[in-house]
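Source file final_30.txt; content: compact mmCIF, C-alpha atoms.
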# COMPACT_ATOMS: atom_id res chain seq x y z
CA SER I 13 -10.34 43.96 -35.14
CA PRO I 14 -10.57 45.98 -31.92
CA ILE I 15 -7.52 47.63 -30.39
CA GLU I 16 -6.93 49.90 -27.41
CA VAL I 17 -5.06 53.17 -27.89
CA SER I 18 -3.47 54.65 -24.74
CA GLY I 19 -1.99 58.13 -24.73
CA PRO I 20 -1.67 61.27 -22.63
CA ASP I 21 -5.45 61.88 -22.78
CA GLY I 22 -6.44 58.35 -21.65
CA SER I 23 -7.39 55.11 -23.37
CA ARG I 24 -9.84 54.50 -26.19
CA ARG I 25 -11.13 51.48 -28.06
CA ALA I 26 -10.86 51.59 -31.84
CA GLN I 27 -10.97 49.37 -34.92
CA ILE I 28 -7.64 48.70 -36.60
CA GLY I 29 -7.32 49.25 -40.32
CA LYS I 30 -4.51 48.59 -42.80
CA PRO I 31 -1.88 47.21 -40.40
CA SER I 32 1.73 46.82 -41.54
CA ARG I 33 5.15 46.61 -39.90
CA GLY I 34 5.40 50.39 -40.19
CA GLY I 35 2.11 51.36 -38.59
CA CYS I 36 -1.66 51.25 -38.87
CA SER I 37 -4.77 53.31 -39.19
CA ALA I 38 -7.61 53.12 -36.68
CA GLN I 39 -11.25 54.15 -36.65
CA GLY I 40 -12.71 55.54 -33.44
CA ASP I 41 -13.19 58.70 -31.40
CA PHE I 42 -9.88 60.50 -30.97
CA ALA I 43 -9.42 63.72 -29.05
CA GLY I 44 -6.23 64.12 -30.98
CA GLY I 45 -2.99 65.72 -30.14
CA PRO I 46 -0.08 67.00 -32.14
CA ALA I 47 1.69 64.77 -34.63
CA GLY I 48 4.44 62.89 -32.82
CA THR I 49 2.41 62.32 -29.63
CA PRO I 50 3.56 58.99 -28.11
CA VAL I 51 0.91 56.30 -27.70
CA ARG I 52 0.75 52.59 -26.86
CA LEU I 53 -1.43 50.28 -28.89
CA ALA I 54 -2.81 47.00 -27.53
CA LEU I 55 -2.95 44.93 -30.72
CA PRO I 56 -4.55 41.48 -31.02
CA GLY I 57 -1.95 38.74 -30.59
CA ALA I 58 0.94 41.07 -29.72
CA GLY I 59 1.14 39.97 -26.08
CA ALA I 60 2.13 43.46 -24.90
CA PRO I 61 1.35 47.04 -25.96
CA VAL I 62 3.29 48.37 -28.94
CA SER I 63 4.90 51.81 -28.73
CA ALA I 64 3.93 54.16 -31.53
CA ARG I 65 3.44 57.82 -32.32
CA LEU I 66 0.46 59.66 -33.72
CA VAL I 67 1.00 60.63 -37.36
CA ARG I 68 -2.35 62.34 -37.98
CA HIS I 69 -5.95 62.28 -36.77
CA ALA I 70 -9.42 63.31 -37.86
CA ASP I 71 -12.80 63.16 -36.14
CA ARG I 72 -13.27 59.41 -36.55
CA GLY I 73 -9.81 58.09 -37.35
CA ALA I 74 -6.09 58.30 -36.84
CA ALA I 75 -2.83 56.95 -38.23
CA PHE I 76 0.06 55.66 -36.13
CA ALA I 77 3.71 54.84 -36.85
CA PHE I 78 5.19 51.95 -34.86
CA ARG I 79 8.63 52.04 -33.23
CA GLN I 80 11.04 50.00 -35.33
CA ASP I 81 13.32 48.55 -32.63
CA PRO I 82 13.72 44.73 -32.53
CA ALA I 83 11.43 44.26 -29.50
CA SER I 84 8.64 46.30 -31.11
CA LEU I 85 9.02 44.51 -34.44
CA ALA I 86 8.63 41.14 -32.68
CA LEU I 87 5.34 42.31 -31.13
CA ILE I 88 4.16 43.78 -34.45
CA ASP I 89 4.96 40.56 -36.32
CA ALA I 90 2.98 38.55 -33.74
CA ALA I 91 0.02 40.92 -34.14
CA LEU I 92 0.19 40.75 -37.94
CA ALA I 93 0.20 36.94 -37.76
CA ALA I 94 -2.82 37.01 -35.43
CA LEU I 95 -4.61 39.38 -37.81
CA GLY I 96 -3.88 37.08 -40.74
CA GLN I 97 -1.48 39.50 -42.40
CA ARG I 98 1.89 38.66 -43.86
CA ALA I 99 4.77 40.57 -42.32
CA ALA I 100 7.15 41.80 -44.99
CA ALA I 101 10.78 41.44 -44.05
How does the structure come out when it is put into structure tokens?
Amino acid sequence: SPIEVSGPDGSRRAQIGKPSRGGCSAQGDFAGGPAGTPVRLALPGAGAPVSARLVRHADRGAAFAFRQDPASLALIDAALAALGQRAAA
């Protein structure tokens, strides 16, 4: 499913992979940045962008860790439901 990744270097479209309550991977063109760079991810069904941080990146992919505060978890759970995933409690 397509997502939009917004960070200090602008916004990019990507394909989400392996979503969970803790984070996700994404395939797309990433200019990168250091680990820990804050980003916002527009996930399908979330209703609002989810705050995350960059964990790692390569030429065609990246991994992100989601914030774990209650508001973020509610958005993540909505996105997981929309993506047909089961959110583990």
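With only C-alpha atoms as the atoms that count, the residue of I:Leu85, I:Ala38, I:Leu55, I:Ala94 with the shortest distance to I:Val67 is I:Ala38.
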Review point. Which residue out of I:Gly22, I:Gly40, I:Ala70, I:Gly57 has the minimum interatomic distance to I:Leu87 when only C-alpha atoms are used?
Key: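 Ranked by minimum distance to I:Leu87, first place goes to I:Gly57.
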**Study point:** Option closest in space to I:Ser37, from I:Ala74, I:Val62, I:Leu53, I:Ala83 [counting all atoms listed in the file]
**Key:** I:Ala74
Review point. For the point (-10.6, 46.3, -25.7) in file coordinates, what residues are within 10 Å, counting only C-alpha atoms? Give the answer as a VMD selection string?
Key: chain I and resid 13 to 17 23 to 27 54 to 56
Review point. Pick from I:Ala75, I:Leu66, I:Ala60, I:Ile28: nearest to I:Leu95, with all atoms listed in the file counted?
Key: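 Of I:Ala75, I:Leu66, I:Ala60, I:Ile28, the one nearest I:Leu95, counting all atoms listed in the file, is I:Ile28.
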So that I can check the surroundings of I:Arg72, please list as a PDB file with C-alpha atoms, in the coordinates of the input every protein, DNA and RNA residue that reaches within 7 Å of it, counting all atoms listed in the file and ignoring chain neighbours fewer than 6 positions away.
ATOM      1  CA  GLN I  39     -11.250  54.150 -36.650  1.00  0.00           C
ATOM      2  CA  GLY I  40     -12.710  55.540 -33.440  1.00  0.00           C
ATOM      3  CA  ASP I  41     -13.190  58.700 -31.400  1.00  0.00           C
ATOM      4  CA  PHE I  42      -9.880  60.500 -30.970  1.00  0.00           C
TER       5      PHE I  42
END
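Across the model, the gap from atom CA of I:Ala91 to atom CA of I:Pro31 is 9.1 Å.
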**Study point:** Proximity to I:Phe76 - best of I:Gly35, I:Leu92, I:Gly19, I:Lys30, only C-alpha atoms
**Key:** I:Gly35
Review point. Just how far from atom CA of I:Ala47 is atom CA of I:Gly96, in Å to one decimal?
Key: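 Interatomic distance here is 28.9 Å.
Neighbourhood of point (12.0, 51.5, -38.0): residues with an atom at most 12 Å away, counting all atoms listed in the file, are I:Ser32, I:Arg33, I:Gly34, I:Gly35, I:Ser63, I:Ala64, I:Ala77, I:Phe78, I:Arg79, I:Gln80, I:Asp81, I:Pro82, I:Ala83, I:Ser84, I:Leu85, I:Ile88, I:Ala101.
With distances taken over only C-alpha atoms, I:Pro61 is the one residue among I:Pro50, I:Pro20, I:Pro61, I:Gly29 lying closest to I:Ala86.
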